[in-house]
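Participant: This is final.txt (compact mmCIF, C-alpha atoms).
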# COMPACT_ATOMS: atom_id res chain seq x y z
CA MET A 116 0.00 0.00 0.00
CA ASN A 117 1.27 3.46 -0.91
CA TYR A 118 1.05 6.35 1.56
CA GLN A 119 1.14 10.10 0.98
CA ILE A 120 2.27 12.77 3.42
CA ALA A 121 1.49 16.37 2.43
CA ILE A 122 3.49 19.16 4.06
CA ASP A 123 2.32 22.70 3.31
CA GLY A 124 3.14 26.14 4.61
CA PRO A 125 4.84 29.42 3.72
CA SER A 126 8.54 29.66 2.86
CA SER A 127 11.30 29.04 5.40
CA THR A 128 9.12 27.13 7.85
CA GLY A 129 11.32 24.06 7.38
CA LYS A 130 9.17 22.14 4.88
CA SER A 131 11.91 20.83 2.60
CA SER A 132 14.44 20.07 5.33
CA THR A 133 11.83 18.27 7.40
CA ALA A 134 10.46 16.36 4.42
CA THR A 135 13.96 15.21 3.47
CA ARG A 136 14.61 13.85 6.96
CA LEU A 137 11.20 12.24 7.21
CA ALA A 138 11.51 10.58 3.81
CA LYS A 139 14.78 8.99 4.87
CA LYS A 140 13.28 7.85 8.19
CA LEU A 141 10.27 6.25 6.46
CA SER A 142 12.07 5.16 3.25
CA PHE A 143 9.58 7.22 1.21
CA ILE A 144 10.32 9.22 -1.92
CA TYR A 145 10.57 12.96 -1.30
CA ILE A 146 9.17 15.26 -3.99
CA ASP A 147 10.21 18.91 -3.72
CA THR A 148 7.44 20.66 -5.65
CA GLY A 149 8.93 24.09 -4.98
CA ALA A 150 12.04 23.05 -6.91
CA MET A 151 9.85 22.32 -9.93
CA TYR A 152 8.36 25.83 -9.93
CA ARG A 153 11.84 27.26 -9.46
CA ALA A 154 12.99 25.33 -12.53
CA VAL A 155 10.25 26.96 -14.60
CA GLY A 156 11.29 30.35 -13.21
CA LEU A 157 14.94 29.66 -14.05
CA TYR A 158 14.06 28.73 -17.63
CA CYS A 159 12.08 31.96 -18.03
CA LYS A 160 14.92 34.04 -16.62
CA ARG A 161 17.55 32.43 -18.84
CA ASN A 162 15.41 32.82 -21.95
CA ASN A 163 14.24 36.38 -21.27
CA ILE A 164 10.60 35.39 -20.96
CA ASN A 165 8.38 38.11 -19.54
CA ILE A 166 7.13 36.36 -16.41
CA ASN A 167 4.49 39.03 -15.87
CA ASP A 168 2.78 37.86 -19.08
CA GLU A 169 1.06 34.52 -18.54
CA GLU A 170 0.60 33.92 -22.27
CA GLU A 171 4.34 34.27 -22.87
CA VAL A 172 5.08 31.78 -20.11
CA LYS A 173 2.41 29.39 -21.37
CA LYS A 174 3.94 29.37 -24.88
CA VAL A 175 7.26 27.98 -23.63
CA LEU A 176 5.92 25.32 -21.25
CA ASN A 177 6.23 22.57 -23.85
CA LYS A 178 9.95 23.41 -24.12
CA ILE A 179 10.51 22.79 -20.41
CA LYS A 180 11.45 19.27 -19.31
CA ILE A 181 11.89 18.67 -15.58
CA ASP A 182 13.37 15.53 -14.06
CA LEU A 183 13.71 14.66 -10.37
CA TYR A 184 16.26 12.02 -9.41
CA TYR A 185 18.40 10.89 -6.50
CA GLU A 186 22.17 11.11 -6.37
CA ASN A 187 24.12 9.99 -3.29
CA GLY A 188 20.88 9.92 -1.33
CA LYS A 189 19.99 13.53 -2.20
CA GLN A 190 17.22 14.71 -4.48
CA GLU A 191 18.52 16.59 -7.51
CA ILE A 192 16.67 18.31 -10.33
CA LYS A 193 17.39 18.63 -14.03
CA LEU A 194 16.05 21.26 -16.39
CA ASN A 195 16.22 20.09 -20.00
CA ASN A 196 18.87 17.52 -18.99
CA GLU A 197 21.02 20.08 -17.12
CA LYS A 198 21.49 19.70 -13.39
CA VAL A 199 20.19 22.94 -11.85
CA SER A 200 19.85 22.01 -8.16
CA ASP A 201 22.07 24.94 -7.08
CA ALA A 202 21.02 27.45 -9.75
CA ILE A 203 17.35 27.32 -8.74
CA ARG A 204 18.23 28.28 -5.16
CA GLU A 205 19.46 31.77 -6.05
CA ASN A 206 17.39 34.40 -4.27
CA GLU A 207 16.26 36.03 -7.52
CA ILE A 208 14.77 32.73 -8.71
CA SER A 209 12.49 32.70 -5.66
CA LYS A 210 10.72 35.75 -7.07
CA TYR A 211 10.45 34.20 -10.52
CA ALA A 212 9.02 30.99 -9.04
CA SER A 213 6.52 32.91 -6.93
CA ILE A 214 5.17 34.71 -10.00
CA VAL A 215 5.01 31.79 -12.47
CA SER A 216 3.39 29.62 -9.81
CA THR A 217 0.31 31.87 -9.91
CA TYR A 218 -0.44 30.82 -13.49
CA LYS A 219 -2.98 28.05 -14.08
CA SER A 220 -1.13 26.68 -17.11
CA VAL A 221 2.06 26.24 -15.07
CA ARG A 222 0.28 24.68 -12.12
CA ASP A 223 -1.69 22.29 -14.32
CA LYS A 224 1.49 21.01 -15.95
CA LEU A 225 3.38 20.48 -12.71
CA VAL A 226 0.45 19.10 -10.71
CA ARG A 227 0.02 16.39 -13.36
CA MET A 228 3.67 15.47 -12.93
CA GLN A 229 3.38 15.46 -9.14
CA ARG A 230 0.31 13.24 -9.12
CA ARG A 231 1.95 10.74 -11.47
CA LEU A 232 4.89 10.45 -9.12
CA ALA A 233 2.59 9.91 -6.13
CA LYS A 234 0.50 7.26 -7.87
CA THR A 235 3.05 4.48 -7.77
CA ASN A 236 5.17 5.40 -4.74
CA SER A 237 4.84 6.21 -1.06
CA VAL A 238 5.74 9.89 -1.09
CA ILE A 239 6.32 12.94 1.04
CA MET A 240 5.50 16.07 -0.90
CA ASP A 241 5.92 19.64 0.28
CA GLY A 242 4.62 22.89 -1.15
CA ARG A 243 1.76 25.32 -0.77
CA ASP A 244 -1.21 23.43 -2.18
CA ILE A 245 -0.33 19.78 -1.65
CA GLY A 246 -3.02 18.97 0.89
CA THR A 247 -5.67 21.15 -0.77
CA VAL A 248 -5.08 20.47 -4.49
CA VAL A 249 -2.31 18.03 -5.41
CA LEU A 250 -3.01 15.26 -2.88
CA PRO A 251 -6.42 16.04 -1.35
CA LYS A 252 -6.70 12.45 -0.07
CA ALA A 253 -3.21 12.27 1.45
CA THR A 254 -2.76 9.88 4.36
CA LEU A 255 -1.50 12.73 6.54
CA LYS A 256 -1.59 16.49 6.02
CA VAL A 257 0.62 18.87 7.98
CA TYR A 258 0.76 22.67 7.82
CA LEU A 259 3.95 24.30 9.09
CA ILE A 260 4.11 27.89 10.31
CA ALA A 261 6.78 30.06 11.97
CA GLU A 262 7.20 33.69 13.02
CA ASP A 263 8.15 36.03 10.14
CA GLU A 264 11.35 37.25 11.82
CA ILE A 265 12.55 33.70 12.47
CA ARG A 266 11.77 32.65 8.92
CA ALA A 267 13.72 35.63 7.58
CA LYS A 268 16.74 34.77 9.73
CA ARG A 269 16.66 31.17 8.51
CA ARG A 270 16.53 32.27 4.88
CA LEU A 271 19.28 34.84 5.41
CA LYS A 272 21.61 32.23 6.90
CA GLU A 273 20.88 29.84 4.03
CA LEU A 274 21.74 32.43 1.40
CA LEU A 275 24.81 33.81 3.20
CA ASP A 276 26.13 30.27 3.58
CA LYS A 277 25.88 29.96 -0.20
CA GLY A 278 27.86 33.16 -0.68
CA GLN A 279 24.96 35.33 -1.82
CA THR A 280 24.90 39.03 -0.89
CA VAL A 281 21.61 39.84 0.86
CA THR A 282 20.42 41.70 3.95
CA TYR A 283 17.96 40.71 6.66
CA GLU A 284 15.70 43.67 5.78
CA GLN A 285 15.65 42.65 2.12
CA ILE A 286 14.82 39.04 2.93
CA LEU A 287 12.03 39.96 5.39
CA LYS A 288 10.45 42.30 2.83
CA GLU A 289 10.62 39.70 0.03
CA LEU A 290 9.30 36.99 2.33
CA LYS A 291 6.21 39.04 3.22
CA GLU A 292 5.66 39.94 -0.45
CA ARG A 293 5.82 36.28 -1.43
CA ASP A 294 3.41 35.31 1.34
CA TYR A 295 0.94 37.89 0.03
CA ARG A 296 1.22 36.59 -3.55
CA ASP A 297 0.88 32.97 -2.45
CA ILE A 298 -2.15 33.61 -0.25
CA HIS A 299 -3.99 35.86 -2.68
CA ARG A 300 -3.25 34.17 -6.00
CA GLU A 301 -6.29 32.99 -7.94
CA ASN A 302 -5.03 29.51 -8.71
CA SER A 303 -4.38 27.13 -5.79
CA PRO A 304 -3.64 29.75 -3.12
CA LEU A 305 -1.64 28.93 -0.02
CA LYS A 306 -4.03 27.81 2.69
CA LYS A 307 -4.31 25.19 5.37
CA ALA A 308 -6.38 22.14 4.45
CA LYS A 309 -9.31 21.60 6.81
CA ASP A 310 -7.90 18.27 7.96
CA ALA A 311 -4.26 19.40 8.21
CA ILE A 312 -2.45 19.45 11.55
CA GLU A 313 -0.68 22.75 12.22
CA ILE A 314 2.82 22.78 13.71
CA ASP A 315 4.65 25.96 14.73
CA THR A 316 8.34 25.38 13.97
CA SER A 317 9.58 28.72 15.34
CA TYR A 318 11.35 27.24 18.35
CA LEU A 319 11.69 23.61 17.30
CA SER A 320 14.72 21.93 15.76
CA LEU A 321 14.38 20.09 12.46
CA ASP A 322 14.75 16.80 14.31
CA GLU A 323 11.93 17.76 16.69
CA VAL A 324 9.60 18.69 13.83
CA THR A 325 10.49 15.49 11.98
CA GLU A 326 9.77 13.38 15.04
CA LYS A 327 6.41 15.11 15.59
CA ILE A 328 5.27 14.34 12.04
CA TYR A 329 6.67 10.80 12.22
CA LYS A 330 4.59 10.10 15.33
CA LEU A 331 1.48 11.66 13.74
CA PHE A 332 1.92 9.42 10.70
CA LYS A 333 2.38 6.29 12.77
CA GLU A 334 -0.74 7.14 14.81
CA LYS A 335 -2.70 7.79 11.62
CA VAL A 336 -1.67 4.56 9.94
CA GLY A 337 -2.32 2.61 13.11
CA ASN A 338 -5.84 4.02 13.32
CA GLU A 339 -6.55 3.10 9.68
CA LYS A 340 -5.56 -0.54 10.07
Would you kindly transcribe this structure into structure tokens?

Facilitator:
Amino acid sequence: MNYQIAIDGPSSTGKSSTATRLAKKLSFIYIDTGAMYRAVGLYCKRNNININDEEEVKKVLNKIKIDLYYENGKQEIKLNNEKVSDAIRENEISKYASIVSTYKSVRDKLVRMQRRLAKTNSVIMDGRDIGTVVLPKATLKVYLIAEDEIRAKRRLKELLDKGQTVTYEQILKELKERDYRDIHRENSPLKKAKDAIEIDTSYLSLDEVTEKIYKLFKEKVGNEK
């Protein structure tokens, strides 16, 4: 039997890091949906596509091929056969991803891919609409939150560690702008599924969050047997 764990929430709440740890603990496949939207954003940036024009973005979607694979136990992503796992993490690409992810044509394409992956595997998928749209019948749904200032500090550290030049004020401003776009977008807005369990990660370690979700999953599966 295949199981599905959906982890949603705004950026820098620990979704990807937690999902990676949990996938390893449960021997599930981890699917980073945010990386897929970033790949679309990266393609648009590299090819000078006007991301504020949905029709322009829609025209190039059939030229975009995204592959997720594992290398040395880590999920990597390819864009048109080029490994772009690091390139999609640049701060500027976050803005591109946030904009293209509001478009129905982009979401339709990627949601189809995500559902195909979840059909034949036990998966952990993180994003902003996993429990509400992509996997509405997931075995377990979790919604992560954290205080804005803590999220901004986490993101700042991540980018500084990668050698990018950013400031805390810049990151906090961009984080709030992205939250607004994600919550108010017309297509699949960021929101907590009615049956999702909310976890505040502000003062929890990644291991603590992982253990919380692990126990919730085990309780859920036990109750379903």

Participant: Here is a test: counting all atoms listed in the file, which residue of A:Ile260, A:Ile208, A:Leu183, A:Leu250 is nearest to A:Ile146?

Facilitator: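 Under the stated criterion, the closest residue is A:Leu183.
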
Participant: Could you tell me how far atom CA of A:Asp147 lies from atom CA of A:Asn187, in Å and to one decimal?

Facilitator: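 About the pair atom CA of A:Asp147 and atom CA of A:Asn187: they are 16.5 Å apart.
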
Participant: Can you list, as a PDB file with C-alpha atoms, in the frame of the given file, every protein, DNA or RNA residue that comes within 9 Å of A:Thr247 when you count all atoms listed in the file, leaving out same-chain residues fewer than 5 positions away?

Facilitator:
ATOM      1  CA  LYS A 252      -6.700  12.450  -0.070  1.00  0.00           C
ATOM      2  CA  SER A 303      -4.380  27.130  -5.790  1.00  0.00           C
ATOM      3  CA  LEU A 305      -1.640  28.930  -0.020  1.00  0.00           C
ATOM      4  CA  LYS A 306      -4.030  27.810   2.690  1.00  0.00           C
ATOM      5  CA  LYS A 307      -4.310  25.190   5.370  1.00  0.00           C
ATOM      6  CA  ALA A 308      -6.380  22.140   4.450  1.00  0.00           C
ATOM      7  CA  LYS A 309      -9.310  21.600   6.810  1.00  0.00           C
TER       8      LYS A 309
END

Participant: Rounded to one decimal place, report the atom CA of A:Lys330-atom CA of A:Gln119 distance in Å.

Facilitator: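 Straight-line distance from atom CA of A:Lys330 to atom CA of A:Gln119 works out to 14.8 Å.
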
Participant: Skipping near chain neighbours, those fewer than 5 positions away, what residues fall within 12 Å of A:Asn177 using only C-alpha atoms, listed as a list of chain:residue names?

Facilitator: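 My list of contacting residues is A:Val155, A:Tyr158, A:Glu171, A:Val172, A:Asn195, A:Ser220, A:Val221, A:Lys224, A:Leu225.
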
Participant: Between A:Asp182, A:Asn162, A:Ser237, A:Lys210, single out the one closest to A:Ala138, counting only C-alpha atoms.

Facilitator: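 Once distances to A:Ala138 are computed over only C-alpha atoms, the minimum belongs to A:Ser237.
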
Participant: Write out as JSON, numbers by chain each polymer residue whose atoms come within 9 Å of A:Leu287, counting all atoms listed in the file; drop sequence neighbours fewer than 3 positions from it.

Facilitator: {"A": [263, 264, 266, 267, 268, 270, 271, 282, 283, 284, 290, 291, 292]}

Participant: Could you pull the residues within 12 Å of A:Ser127, counting all atoms listed in the file, minus those fewer than 2 positions along the same chain, as number ranges by chain?

Facilitator: A: 123-125, 129-133, 149, 209, 241-243, 259-274, 286-287, 289-291, 293-294, 315-317, 321

Participant: Go through A:Leu157, A:Ile144, A:Met228, A:Val324 one by one, measure the shortest atom-to-atom distance of each to A:Asn117 using all atoms listed in the file, and give the residue with the smallest value.

Facilitator: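 Ranked by minimum distance to A:Asn117, first place goes to A:Ile144.
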
Participant: Report, in Å to a single decimal, how far apart atom CA of A:Thr148 and atom CA of A:Val175 are.

Facilitator: 19.4 Å

Participant: Env of A:Lys198: 12 Å cut, atoms = only C-alpha atoms, seq-sep filter 6 positions within chain, self excluded. Answer as a ChimeraX atom specification.

Facilitator: /A:150,154,157,180-186,190-192

Participant: Pick out the closest residue to A:Lys333 from this set: A:Val199, A:Val281, A:Leu141, A:Val226. Count all atoms listed in the file.

Facilitator: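 Of A:Val199, A:Val281, A:Leu141, A:Val226, the one nearest A:Lys333, counting all atoms listed in the file, is A:Leu141.
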
Participant: Which residue, A:Glu169, A:Glu197, A:Glu207, A:Asp223, has the smallest gap to A:Gln285 when you use all atoms listed in the file?

Facilitator: A:Glu207

Participant: Can you work out which one of A:Met240, A:Ile164, A:Met151, A:Ala121 has the shortest atom-to-atom distance to A:Lys193, counting all atoms listed in the file?

Facilitator: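 Looking only at the distances to A:Lys193, the closest residue turns out to be A:Met151.
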
Participant: Taking (5.9, 34.8, -7.9) in the file's own coordinates, collect the residues within 10 Å, counting all atoms listed in the file, and hand them back as number ranges by chain.

Facilitator: A: 152-153, 156, 166-167, 208-218, 292-297, 300
